[in-house]
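What follows is one structure encoded as structure tokens, with my remarks underneath.
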Amino acid sequence: MAWNKDCKFINEFAQESSKNLAHVHSGVMITIQMDTNHLDKLNEDLKTYGVSIPVIANMEAKRSSVEYFQQHKDYYFAEMHKILRSKKKSIPIDIIELFMSCKGLGLAKSAFLGQLATGHKSLVCIDSVNTRTYGFDPKMLSISKTINPALKRKKIQAYVDMVETVAKQKNVKNPSEFFWNEWCRLVADKSQERKNPNFFFKSGEDVSFKHRHWFTTWQSRWHLAH
């Protein structure tokens, strides 16, 4: 039930306004090359000080991506809703392609932003945890900036197909829900192995719940038991 409660919570937030969508994007940028144990503090800082925090401002790639998305947030918000209203089978490919047009967003993180913003069942972030766990080929996650549009779309399609194939093998109908819940469980298990009181998740549900703090402006309650 973790995905159904927490991802949906973020979906509703992201779809309310372009400002909210831009906040979700900033949260996604913070996760790049960042250990999960730092996310609580960094997102608390984001809410307090805005996008000028060091984790964004001091890294050119993250800073330029956040600046670009902020400047074009109305476009991304309108196009996202246009794609969702289309009800086409190509929605996950179209969403990933849309967000990949933003500086600094690669294939996996564009899919992650799409998952957080829309909750579409075929949008999943294949990060290092999922790559190791399910044996995904890291080469499939890399797309050159100079690739032609047709080949780029084919690679996005291959990414979505890869996600859906694993879901079928696991006999699950909603890849987004499956990968979300499993990722949260794996992160919780790892935190318990470390036995670090400053980085401890009680369960996968606890990790999932924290996403509300990491990717929305929801605060002052994120740390409470749920």
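Every chain in the structure tokens takes a letter, A first, then B, and so on in the order presented; its residues are numbered from 1, and the ligands are numbered from 1 following the presented order.
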Q. Got a sec: who's within 8 Å of stretch 142-145 of chain A, counting only C-alpha atoms, leaving out chain neighbours fewer than 6 positions off, as a PyMOL selection string?
A. chain A and resi 106-107+152+155
(Q) Using only C-alpha atoms, which protein or nucleic acid residues come within 9 Å of A:Val24? Drop anything in the same chain fewer than 2 positions from it, and give the result as a PyMOL selection string. (A) chain A and resi 10+13-14+19-22+26-29+113+116-117+214-217
Q. Of the candidates A:Thr36, A:Ser101, A:Thr118, A:Asn181, which shows the shortest atom-to-atom distance to A:Phe9, using only C-alpha atoms?
A.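 Looking at the shortest contact to A:Phe9, the residue is A:Thr118.
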**Q.** Within 8 Å of A:Asn174 using only C-alpha atoms, minus same-chain residues under 3 positions, as a ChimeraX atom specification
**A.** /A:121-122,167,177-178
Write the residues you've just listed into a file as a CSV table (one decimal), in the first residue's frame, and include N, CA and C atoms for each of them.
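Here's the written file out32.csv:
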```
chain,number,residue,atom,x,y,z
A,121,LYS,N,1.7,3.8,-14.5
A,121,LYS,CA,2.2,2.5,-14.0
A,121,LYS,C,3.5,2.1,-14.7
A,122,SER,N,3.8,2.7,-15.9
A,122,SER,CA,5.0,2.3,-16.6
A,122,SER,C,6.2,3.2,-16.4
A,167,ALA,N,8.2,-6.6,-14.7
A,167,ALA,CA,6.9,-6.6,-14.0
A,167,ALA,C,6.1,-7.9,-14.4
A,177,GLU,N,4.2,0.7,-9.0
A,177,GLU,CA,3.9,0.3,-7.7
A,177,GLU,C,4.9,-0.8,-7.2
A,178,PHE,N,5.2,-1.8,-8.0
A,178,PHE,CA,6.1,-2.8,-7.7
A,178,PHE,C,7.5,-2.3,-7.4
```
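Note that atom CA of A:Ile126 and atom CA of A:Pro92 are 14.2 Å apart.
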